[in-house]
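Listing of query_23.cif, mmCIF, C-alpha atoms
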data_final
loop_
_atom_site.label_atom_id
_atom_site.label_comp_id
_atom_site.auth_asym_id
_atom_site.auth_seq_id
_atom_site.Cartn_x
_atom_site.Cartn_y
_atom_site.Cartn_z
CA MET Y 2 -8.65 54.72 20.20
CA THR Y 3 -5.19 54.18 21.61
CA GLY Y 4 -2.56 56.86 21.21
CA PRO Y 5 -1.85 60.56 21.49
CA LEU Y 6 -4.40 63.40 21.08
CA HIS Y 7 -2.13 66.00 19.49
CA HIS Y 8 -0.92 65.17 15.98
CA PRO Y 9 1.42 66.73 13.43
CA GLY Y 10 -1.40 67.10 10.86
CA GLU Y 11 -2.00 65.72 7.40
CA ASP Y 12 0.22 68.20 5.52
CA LEU Y 13 3.25 66.93 7.42
CA LEU Y 14 2.25 63.29 6.98
CA LEU Y 15 1.97 63.79 3.21
CA GLU Y 16 5.43 65.34 3.02
CA TYR Y 17 6.80 62.48 5.12
CA ALA Y 18 5.12 59.83 2.96
CA SER Y 19 6.19 61.42 -0.32
CA GLY Y 20 9.80 61.69 0.85
CA ALA Y 21 10.03 65.47 0.39
CA MET Y 22 10.61 66.10 4.08
CA ALA Y 23 14.05 67.01 5.49
CA GLU Y 24 15.64 64.66 8.03
CA PRO Y 25 15.05 66.64 11.27
CA LEU Y 26 11.30 66.86 10.72
CA ALA Y 27 11.17 63.31 9.35
CA LEU Y 28 12.83 62.15 12.60
CA LEU Y 29 10.13 63.85 14.65
CA VAL Y 30 7.33 62.47 12.45
CA ALA Y 31 8.71 58.89 12.43
CA THR Y 32 9.03 59.02 16.22
CA HIS Y 33 5.43 60.23 16.52
CA LEU Y 34 4.30 57.48 14.11
CA THR Y 35 5.85 54.88 16.43
CA LEU Y 36 3.62 56.15 19.23
CA CYS Y 37 0.48 56.94 17.20
CA PRO Y 38 -1.42 54.13 15.44
CA ALA Y 39 -3.90 56.61 13.89
CA CYS Y 40 -1.22 58.65 12.12
CA ARG Y 41 0.61 55.44 11.18
CA ALA Y 42 -2.52 54.20 9.40
CA GLU Y 43 -2.82 57.59 7.72
CA ALA Y 44 0.82 57.48 6.58
CA ASP Y 45 0.24 53.95 5.22
CA ARG Y 46 -2.65 55.25 3.11
CA LEU Y 47 -0.53 58.11 1.80
CA GLU Y 48 2.21 55.60 0.89
CA ALA Y 49 -0.38 53.48 -0.92
CA LEU Y 50 -1.18 56.60 -2.88
CA GLY Y 51 2.51 56.87 -3.76
CA GLY Y 52 2.41 53.27 -4.99
CA ALA Y 53 -0.59 54.00 -7.19
CA MET Y 54 1.14 57.10 -8.54
CA LEU Y 55 4.24 55.01 -9.35
CA GLN Y 56 2.10 52.56 -11.31
CA ASP Y 57 0.72 55.44 -13.33
CA ILE Y 58 3.92 57.37 -14.01
CA GLY Y 59 4.97 57.54 -17.66
CA ALA Y 60 7.62 54.82 -18.00
CA GLU Y 61 11.11 55.74 -19.13
CA PRO Y 62 13.00 52.99 -20.99
CA VAL Y 63 16.08 51.64 -19.25
CA SER Y 64 19.22 50.77 -21.20
CA SER Y 65 19.27 47.31 -22.70
CA GLY Y 66 22.06 45.91 -20.52
CA LEU Y 67 20.57 46.93 -17.18
CA LEU Y 68 18.52 43.80 -16.55
CA ASP Y 69 21.57 41.60 -17.22
CA ARG Y 70 23.66 43.70 -14.86
CA VAL Y 71 21.07 43.29 -12.13
CA LEU Y 72 20.61 39.56 -12.78
CA ASP Y 73 24.39 39.08 -12.50
CA CYS Y 74 24.29 40.57 -9.01
CA LEU Y 75 21.42 38.46 -7.70
CA ASP Y 76 23.59 35.72 -6.26
CA ASP Y 77 25.70 38.12 -4.25
CA ALA Y 78 23.31 38.32 -1.35
CA GLY Y 79 20.98 35.80 0.16
CA PRO Y 80 17.43 36.75 0.94
CA ASP Y 81 17.97 37.36 4.60
CA ALA Y 82 21.48 38.77 4.60
CA GLU Y 83 20.52 42.42 4.71
CA ALA Y 84 17.78 42.02 7.29
CA ALA Y 85 20.13 40.02 9.51
CA VAL Y 86 22.79 42.72 9.32
CA ALA Y 87 20.24 45.40 10.11
CA ARG Y 88 19.08 43.46 13.17
CA GLU Y 89 22.62 42.95 14.45
CA THR Y 90 23.59 46.60 14.14
CA ARG Y 91 20.42 47.95 15.67
CA PRO Y 92 21.33 49.58 18.96
CA VAL Y 93 19.22 48.24 21.77
CA ALA Y 94 20.53 49.60 25.07
CA THR Y 95 19.76 53.30 24.98
CA GLY Y 96 20.41 53.93 28.65
CA ALA Y 97 17.28 56.07 28.82
CA PRO Y 98 14.82 55.89 31.73
CA PHE Y 99 11.98 55.38 29.22
CA LEU Y 100 11.41 53.25 26.11
CA VAL Y 101 13.09 55.14 23.25
CA PRO Y 102 11.29 54.78 19.89
CA ALA Y 103 13.53 53.07 17.31
CA PRO Y 104 13.75 56.02 14.86
CA LEU Y 105 15.72 57.93 17.54
CA HIS Y 106 18.23 55.16 18.29
CA PRO Y 107 20.79 56.11 15.61
CA TYR Y 108 20.96 59.65 16.96
CA LEU Y 109 21.83 58.74 20.55
CA GLY Y 110 25.51 57.88 20.07
CA ASP Y 111 26.77 55.87 23.06
CA GLY Y 112 23.48 56.22 24.89
CA PHE Y 113 21.01 58.68 26.30
CA GLY Y 114 22.95 59.39 29.49
CA LYS Y 115 26.27 59.88 27.68
CA LEU Y 116 25.04 62.60 25.34
CA PRO Y 117 26.77 65.97 25.90
CA TRP Y 118 23.93 67.50 27.92
CA ARG Y 119 24.15 71.23 28.58
CA THR Y 120 22.56 72.36 31.82
CA MET Y 121 20.40 75.47 31.62
CA MET Y 122 17.77 76.94 33.89
CA GLY Y 123 15.16 74.28 34.53
CA LEU Y 124 16.40 71.91 31.86
CA LYS Y 125 19.22 70.04 30.20
CA GLU Y 126 19.45 69.93 26.44
CA VAL Y 127 21.57 68.48 23.67
CA GLU Y 128 21.56 69.38 20.01
CA LEU Y 129 21.19 66.61 17.39
CA LEU Y 130 21.72 66.89 13.61
CA LYS Y 131 23.85 70.00 14.04
CA ASP Y 132 24.79 70.38 10.41
CA ARG Y 133 21.30 70.85 8.96
CA PRO Y 134 20.73 74.39 7.70
CA GLY Y 135 17.24 75.67 8.41
CA PHE Y 136 16.68 73.52 11.49
CA THR Y 137 17.65 73.22 15.11
CA THR Y 138 17.00 69.76 16.55
CA ARG Y 139 17.19 69.29 20.31
CA LEU Y 140 16.50 66.73 22.98
CA MET Y 141 15.38 68.36 26.22
CA ARG Y 142 15.11 67.03 29.77
CA ILE Y 143 12.93 69.39 31.74
CA THR Y 144 13.08 69.40 35.54
CA PRO Y 145 9.80 68.32 37.18
CA GLY Y 146 7.52 71.32 37.68
CA ALA Y 147 9.86 73.72 35.86
CA VAL Y 148 8.29 76.78 34.27
CA MET Y 149 9.99 77.62 31.00
CA PRO Y 150 10.87 81.27 30.50
CA ARG Y 151 8.20 83.06 28.51
CA HIS Y 152 9.35 83.08 24.91
CA THR Y 153 8.49 83.48 21.28
CA HIS Y 154 10.31 81.90 18.37
CA GLU Y 155 11.91 83.52 15.41
CA GLY Y 156 10.92 80.43 13.52
CA ALA Y 157 8.38 77.85 14.60
CA GLU Y 158 8.78 74.92 16.94
CA MET Y 159 7.41 71.40 16.99
CA THR Y 160 7.80 69.54 20.25
CA LEU Y 161 7.21 65.81 20.67
CA VAL Y 162 6.89 64.46 24.20
CA LEU Y 163 8.90 61.28 24.81
CA SER Y 164 8.41 60.97 28.57
CA GLY Y 165 6.48 62.84 31.24
CA GLY Y 166 4.33 65.77 30.19
CA PHE Y 167 3.82 69.53 30.11
CA THR Y 168 1.04 72.07 29.87
CA ASP Y 169 1.05 74.95 27.42
CA ARG Y 170 -1.69 77.43 26.59
CA GLY Y 171 -4.35 75.29 28.22
CA ASN Y 172 -3.38 72.00 26.58
CA HIS Y 173 -1.72 69.07 28.30
CA PHE Y 174 0.85 67.14 26.28
CA VAL Y 175 2.05 63.63 27.15
CA ARG Y 176 4.15 60.90 25.49
CA GLY Y 177 3.49 60.85 21.75
CA ASP Y 178 1.80 64.26 21.58
CA VAL Y 179 3.13 66.93 19.23
CA ALA Y 180 2.86 70.60 20.23
CA ILE Y 181 3.22 73.15 17.46
CA ALA Y 182 4.10 76.76 18.33
CA GLY Y 183 4.18 79.41 15.64
CA PRO Y 184 6.59 82.32 15.30
CA SER Y 185 4.16 84.74 16.95
CA ASP Y 186 3.00 82.43 19.73
CA ASP Y 187 4.09 83.85 23.04
CA HIS Y 188 4.07 80.87 25.35
CA GLN Y 189 5.26 79.50 28.64
CA PRO Y 190 5.21 75.70 28.93
CA VAL Y 191 5.06 74.22 32.42
CA ALA Y 192 6.42 70.71 33.04
CA ASP Y 193 4.38 68.20 35.04
CA SER Y 194 5.55 68.01 38.63
CA ASP Y 195 5.60 64.21 38.92
CA GLY Y 196 8.73 63.48 36.89
CA GLU Y 197 11.25 64.66 34.35
CA CYS Y 198 9.75 65.61 30.97
CA VAL Y 199 11.81 64.54 27.95
CA CYS Y 200 11.03 66.10 24.57
CA LEU Y 201 12.34 66.16 21.02
CA ALA Y 202 12.04 69.68 19.61
CA VAL Y 203 12.63 70.78 16.03
CA THR Y 204 12.79 74.53 15.44
CA SER Y 205 13.16 76.32 12.17
CA ALA Y 206 16.24 78.46 12.56
CA PRO Y 207 16.20 82.22 13.06
CA LEU Y 208 15.85 84.34 9.94
CA ARG Y 209 13.60 81.76 8.34
CA LEU Y 210 10.32 83.21 9.40
CA THR Y 211 8.35 81.36 6.75
CA GLY Y 212 10.59 78.33 7.16
CA PRO Y 213 9.84 74.66 6.93
CA ILE Y 214 7.77 74.44 10.09
CA GLY Y 215 5.91 77.73 9.78
CA ARG Y 216 3.88 76.18 7.00
CA TYR Y 217 2.25 73.70 9.32
CA LEU Y 218 0.65 76.05 11.75
CA ASN Y 219 -2.35 73.97 12.32
CA PRO Y 220 -2.00 72.97 15.91
CA PHE Y 221 -4.08 70.50 17.84
CA ILE Y 222 -5.56 68.66 14.93
CA ARG Y 223 -7.38 65.59 16.12
CA ILE Y 224 -7.67 62.70 13.76
CA MET E 4 14.26 47.31 -23.52
CA GLY E 5 14.80 43.65 -24.19
CA GLY E 6 13.54 42.08 -21.00
CA VAL E 7 12.31 38.97 -22.79
CA GLN E 8 15.48 38.60 -24.84
CA ALA E 9 17.56 39.04 -21.73
CA ILE E 10 15.62 36.32 -20.00
CA GLU E 11 16.19 34.01 -22.93
CA ARG E 12 19.89 34.82 -22.90
CA GLN E 13 19.92 33.87 -19.26
CA GLY E 14 18.55 30.51 -20.23
CA PHE E 15 14.97 31.04 -19.12
CA ALA E 16 11.98 30.09 -21.18
CA SER E 17 9.79 33.13 -21.66
CA GLY E 18 6.14 33.02 -20.69
CA GLY E 19 6.65 30.80 -17.68
CA VAL E 20 4.23 30.37 -14.84
CA ALA E 21 4.75 33.52 -12.82
CA GLY E 22 5.91 35.89 -15.51
CA GLY E 23 3.54 34.74 -18.21
CA ALA E 24 0.67 37.03 -17.41
CA ILE E 25 2.78 40.08 -17.92
CA LEU E 26 5.36 39.02 -20.45
CA SER E 27 3.14 37.28 -22.96
CA SER E 28 -0.05 39.31 -22.85
CA ASN E 29 -0.15 42.39 -25.08
CA GLY E 30 3.57 42.82 -25.41
CA GLY E 31 4.33 43.19 -21.69
CA VAL E 32 7.65 44.91 -21.53
CA THR E 33 6.93 47.77 -23.91
CA ARG E 34 3.47 48.44 -22.63
CA GLU E 35 3.00 52.06 -21.56
CA ASN E 36 0.24 51.73 -19.01
CA PRO E 37 -0.57 48.98 -16.57
CA THR E 38 -3.81 47.10 -16.82
CA LEU E 39 -6.15 46.89 -13.88
CA SER E 40 -5.00 43.40 -13.06
CA GLU E 41 -1.39 44.45 -12.82
CA ALA E 42 -1.39 44.80 -9.05
CA TYR E 43 -2.36 41.15 -8.73
CA ASP E 44 0.29 40.15 -11.27
CA LEU E 45 2.93 42.04 -9.30
CA GLN E 46 1.81 40.36 -6.12
CA THR E 47 2.12 36.92 -7.74
CA LEU E 48 5.59 37.81 -8.98
CA MET E 49 6.63 38.99 -5.52
CA ALA E 50 5.45 35.71 -4.02
CA SER E 51 7.52 33.73 -6.55
CA ILE E 52 10.56 35.86 -5.81
CA ALA E 53 10.19 35.56 -2.03
CA VAL E 54 9.33 31.87 -1.83
CA ASP E 55 11.02 30.30 -4.85
CA ARG E 56 13.79 32.87 -5.48
CA ASP E 57 12.43 32.81 -9.03
CA ARG E 58 14.73 34.79 -11.34
CA GLU E 59 12.26 34.75 -14.17
CA ALA E 60 9.61 36.31 -11.98
CA PHE E 61 12.20 38.88 -10.95
CA ALA E 62 12.93 39.69 -14.59
CA ALA E 63 9.21 40.11 -15.25
CA LEU E 64 8.89 42.43 -12.26
CA PHE E 65 11.91 44.35 -13.52
CA ALA E 66 10.32 44.74 -16.97
CA VAL E 67 7.25 46.36 -15.47
CA LEU E 68 8.78 48.41 -12.67
CA ALA E 69 12.33 49.39 -13.63
CA PRO E 70 11.16 51.90 -16.31
CA ARG E 71 8.76 53.42 -13.80
CA ILE E 72 11.33 53.64 -11.01
CA LYS E 73 13.66 55.29 -13.51
CA ALA E 74 10.97 57.81 -14.50
CA TYR E 75 10.34 58.50 -10.81
CA LEU E 76 14.04 59.16 -10.14
CA ARG E 77 14.45 61.27 -13.26
CA ARG E 78 11.52 63.45 -12.25
CA LEU E 79 13.21 63.91 -8.90
CA GLY E 80 16.25 65.31 -10.67
CA ALA E 81 18.58 62.30 -11.09
CA GLY E 82 20.70 62.23 -14.28
CA ASP E 83 20.24 59.30 -16.64
CA GLU E 84 23.24 57.33 -15.35
CA ALA E 85 22.57 58.05 -11.69
CA ALA E 86 18.94 57.03 -12.18
CA GLU E 87 19.93 53.68 -13.71
CA ASP E 88 22.48 53.00 -10.97
CA LEU E 89 19.76 53.63 -8.44
CA VAL E 90 17.23 51.47 -10.34
CA GLN E 91 19.78 48.66 -10.05
CA ASP E 92 20.18 49.37 -6.33
CA VAL E 93 16.40 49.43 -5.78
CA MET E 94 15.78 46.20 -7.72
CA LEU E 95 18.56 44.40 -5.81
CA THR E 96 17.02 45.62 -2.57
CA VAL E 97 13.68 44.20 -3.73
CA TRP E 98 15.37 40.83 -4.36
CA ARG E 99 17.14 40.78 -1.01
CA ARG E 100 14.18 41.91 1.05
CA ALA E 101 11.50 40.00 -0.85
CA VAL E 102 10.74 37.80 2.16
CA GLN E 103 9.82 40.91 4.13
CA PHE E 104 7.11 41.87 1.63
CA ASP E 105 3.74 41.44 3.31
CA PRO E 106 0.83 41.50 0.83
CA ALA E 107 -1.61 42.06 3.68
CA LYS E 108 0.08 45.34 4.58
CA ALA E 109 0.96 46.95 1.25
CA SER E 110 0.59 46.31 -2.45
CA ALA E 111 3.77 45.42 -4.34
CA SER E 112 3.90 48.81 -6.05
CA THR E 113 3.50 50.59 -2.69
CA TRP E 114 6.22 48.50 -1.09
CA ILE E 115 8.58 49.16 -4.00
CA PHE E 116 7.66 52.87 -4.00
CA THR E 117 8.83 53.12 -0.38
CA ILE E 118 12.10 51.34 -1.22
CA ALA E 119 12.76 53.68 -4.17
CA ARG E 120 11.85 56.72 -2.08
CA ASN E 121 14.15 55.72 0.78
CA ARG E 122 17.10 54.65 -1.39
CA ARG E 123 16.90 57.99 -3.22
CA ILE E 124 17.01 59.87 0.09
CA ASP E 125 19.99 57.75 1.26
CA VAL E 126 22.00 57.84 -1.94
CA LEU E 127 21.09 61.06 -3.75
CA ARG E 128 20.12 63.35 -0.91
CA LYS E 129 22.71 61.73 1.39
CA GLU E 130 20.42 61.84 4.39
CA ARG E 131 19.20 59.18 6.71
CA ARG E 132 15.52 58.31 6.34
CA PRO E 133 13.92 57.93 9.76
CA GLU E 134 11.43 55.05 9.64
CA ILE E 135 9.37 53.15 12.14
CA ASP E 136 10.57 49.66 13.04
CA PRO E 137 7.71 47.13 13.01
CA ASP E 138 9.51 45.11 15.71
CA ASP E 139 10.08 48.15 17.95
CA PRO E 140 9.00 47.35 21.53
CA ALA E 141 8.03 51.05 21.81
CA LEU E 142 5.48 50.71 18.99
CA VAL E 143 1.99 51.60 20.23
CA ILE E 144 -0.49 49.23 18.61
CA ASP E 145 -4.19 49.77 18.17
CA ALA E 146 -6.71 46.96 18.48
CA PRO E 147 -6.63 45.18 15.10
CA PRO E 148 -9.69 45.77 12.92
CA ALA E 149 -12.18 42.94 12.49
CA ALA E 150 -11.13 40.56 9.73
CA ASP E 151 -14.12 41.60 7.60
CA ASP E 152 -12.92 45.19 7.57
CA VAL E 153 -9.49 44.42 6.22
CA LEU E 154 -9.19 45.32 2.59
CA GLU E 155 -6.54 43.38 0.73
CA ALA E 156 -3.66 45.72 -0.08
CA ALA E 157 -3.83 44.78 -3.75
CA ASP E 158 -7.54 45.65 -3.77
CA MET E 159 -6.72 48.96 -2.17
CA GLY E 160 -4.12 49.60 -4.84
CA GLU E 161 -6.63 48.91 -7.59
CA ARG E 162 -9.26 51.15 -6.03
CA LEU E 163 -6.78 53.97 -5.55
CA HIS E 164 -5.53 53.61 -9.06
CA THR E 165 -9.05 53.82 -10.47
CA ALA E 166 -10.07 56.72 -8.24
CA MET E 167 -6.95 58.65 -9.16
CA LYS E 168 -8.01 58.77 -12.78
CA ASP E 169 -11.25 60.51 -11.75
CA LEU E 170 -9.53 63.31 -9.82
CA PRO E 171 -9.83 66.80 -11.28
CA GLU E 172 -6.65 67.72 -13.15
CA GLY E 173 -6.03 70.63 -10.77
CA GLN E 174 -5.76 68.17 -7.87
CA LEU E 175 -3.88 65.42 -9.68
CA SER E 176 -1.17 67.79 -10.94
CA LEU E 177 -0.51 68.99 -7.39
CA LEU E 178 -0.31 65.41 -6.12
CA LYS E 179 2.28 64.65 -8.79
CA LEU E 180 4.34 67.63 -7.66
CA ALA E 181 4.09 66.47 -4.04
CA TYR E 182 5.19 62.90 -4.80
CA PHE E 183 7.52 63.26 -7.76
CA GLU E 184 9.22 66.62 -7.50
CA ASP E 185 10.51 66.69 -3.92
CA LEU E 186 8.53 69.87 -3.29
CA SER E 187 7.07 71.04 -0.02
CA HIS E 188 3.59 72.54 -0.04
CA SER E 189 4.95 76.09 -0.03
CA GLN E 190 7.36 75.28 -2.88
CA ILE E 191 4.45 73.86 -4.86
CA ALA E 192 2.55 77.11 -4.25
CA GLU E 193 5.49 79.09 -5.61
CA ARG E 194 5.96 76.85 -8.62
CA MET E 195 2.28 76.90 -9.57
CA ASP E 196 1.79 80.56 -8.64
CA LEU E 197 -1.08 79.59 -6.34
CA PRO E 198 -1.82 80.76 -2.81
CA LEU E 199 -0.50 78.30 -0.20
CA GLY E 200 -4.03 77.88 1.17
CA THR E 201 -5.26 76.75 -2.25
CA VAL E 202 -2.46 74.19 -2.55
CA LYS E 203 -3.22 72.79 0.89
CA SER E 204 -6.97 72.63 0.34
CA ARG E 205 -6.65 70.97 -3.09
CA LEU E 206 -4.22 68.38 -1.73
CA ARG E 207 -6.52 67.70 1.20
CA LEU E 208 -9.51 67.32 -1.13
CA ALA E 209 -7.53 64.90 -3.30
CA THR E 210 -6.25 62.77 -0.43
CA ALA E 211 -9.66 62.84 1.29
CA ARG E 212 -11.35 61.56 -1.85
CA LEU E 213 -8.77 58.82 -2.34
CA LYS E 214 -8.88 57.80 1.29
CA SER E 215 -12.68 57.58 1.21
CA VAL E 216 -12.23 54.98 -1.52
CA LEU E 217 -9.99 52.96 0.79
CA GLU E 218 -12.34 53.21 3.71
CA SER E 219 -15.62 52.60 1.90
CA ILE E 220 -15.60 48.90 2.65
CA ALA E 221 -14.65 49.14 6.29
#

Write-out of the structure in structure tokens:
Amino acid sequence: MTGPLHHPGEDLLLEYASGAMAEPLALLVATHLTLCPACRAEADRLEALGGAMLQDIGAEPVSSGLLDRVLDCLDDAGPDAEAAVARETRPVATGAPFLVPAPLHPYLGDGFGKLPWRTMMGLKEVELLKDRPGFTTRLMRITPGAVMPRHTHEGAEMTLVLSGGFTDRGNHFVRGDVAIAGPSDDHQPVADSDGECVCLAVTSAPLRLTGPIGRYLNPFIRI
Amino acid sequence: MGGVQAIERQGFASGGVAGGAILSSNGGVTRENPTLSEAYDLQTLMASIAVDRDREAFAALFAVLAPRIKAYLRRLGAGDEAAEDLVQDVMLTVWRRAVQFDPAKASASTWIFTIARNRRIDVLRKERRPEIDPDDPALVIDAPPAADDVLEAADMGERLHTAMKDLPEGQLSLLKLAYFEDLSHSQIAERMDLPLGTVKSRLRLATARLKSVLESIA
């Protein structure tokens, strides 16, 4: 089986597939799905379930003129117009020293290197999706071999490795792996020494102890 | 309703090749529940829309799915007018992207479910919906399964649909909350006054049973 060993877990995949999930977590899950064929197949099955549920939902009549309104619009766009536009506007050059999964592209602005990185001890980080209450979303570049300060979280933290790797509490995480740390987990991740480790981390904000990530404390599930 | 009348007003003969199965058999447009063959009908309609740009097939698809998409959006909290605007948006998206529909990958109702889900997130929740890109060079791909193991998506849809009816009510009602009410697992627990662990285990039982149906042939 190709792909990562550490997965977000079925609860998260169901919330992603149903559409109930907030954007910061959905970004992390979609990025993991790009790198994990097993979870992608799982998400496909959960979407198929959504399709079956849609077939079974009690229909609600639409107003009589709606079909005509839609039919009148059909000539406005050719079959390929939208797809062509999407392809043209898709950013390609990310400027990153690794292959950036497509779900992250829209969040990189002018490119990976041009993001407003803040330098801290042992790492550089930049916050994405700043305006989302309940979540802190960060990209981190950890210096090779750096030992993160021992810490706990007021909320919970999900970390997806994009490049390089790190070790935490006896587990080794590499590209595609998701590490889940709960509010009470006292941990001290150590970056691999052979290169920079780049991660996407989504943390539920302070004061939300039972927040959106705390529910998924089911680390190291293997599918 | 008036799907058939609308088609006739547009100058189409009703009961044509692609739409006939749905429009002419047992009253089509006003039918409450789909028959077991509906997934195949929808797939035929999608093919006519993608290949022939068949407006009659589109109208037939609309007759079956628009009332369900509306019900889906209403359950998710959209007002009547907003729901209909979004139904229009979703159906136009279906028309424009029809060539991208791949019957080997998803059934028509699954494909349209994902469009409705994502358009609702874009338009009503005003958030971006992060999605994988099938052409992404970063996509990690597993070895494809042997051809014999591949279950047609429409078959999968039928099996799921049948298996869903056999789920215990306690599991099915939670699935509906998960898919149609925009509720996280912990919100479902609050709403139903159930322990979070019970919600999670029931949902896992339900999805495990449904997935076993999908995998039984492989």

Define the interface residues of chain Y facing chain E as those within 6 Å, counting all atoms listed in the file, and report them as a PyMOL selection string.
-> chain Y and resi 3+19+21+28+31+35-36+38+49+52-53+60-63+65+71+80+100+102+104

Atom CA of Gln189 of chain Y to atom CA of Val162 of chain Y, distance in Å rounded to a single decimal |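 One can read the atom CA of Gln189 of chain Y to atom CA of Val162 of chain Y distance as 15.8 Å.
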
Quick one: distance from atom CA of Ala192 of chain E to atom CA of Lys129 of chain E in Å, one decimal?
-> 26.0 Å

Report as a count of residues only the residues that result from applying the PyMOL selection byres ((chain Y and resi 5-10) around 12) to the structure here.
-> 60

Shortest contact to Gly173 of chain E, candidates E:Arg122, E:Arg194, E:Arg205, E:Arg212, atoms counted all atoms listed in the file, goes to E:Arg205

List, as a list of chain:residue names, every residue that the PyMOL selection byres ((chain Y and resi 107) around 12) selects in the file provided.
-> Y:Leu28, Y:Thr90, Y:Arg91, Y:Pro92, Y:Val93, Y:Ala94, Y:Thr95, Y:Val101, Y:Pro102, Y:Ala103, Y:Pro104, Y:Leu105, Y:His106, Y:Tyr108, Y:Leu109, Y:Gly110, Y:Asp111, Y:Gly112, Y:Phe113, Y:Leu129, Y:Leu130, E:Arg131, E:Arg132, E:Pro133, E:Glu134

Length of the atom CA of Cys198 of chain Y to atom CA of Met22 of chain Y vector [Å] |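 Atom-to-atom, atom CA of Cys198 of chain Y to atom CA of Met22 of chain Y, that is 26.9 Å.
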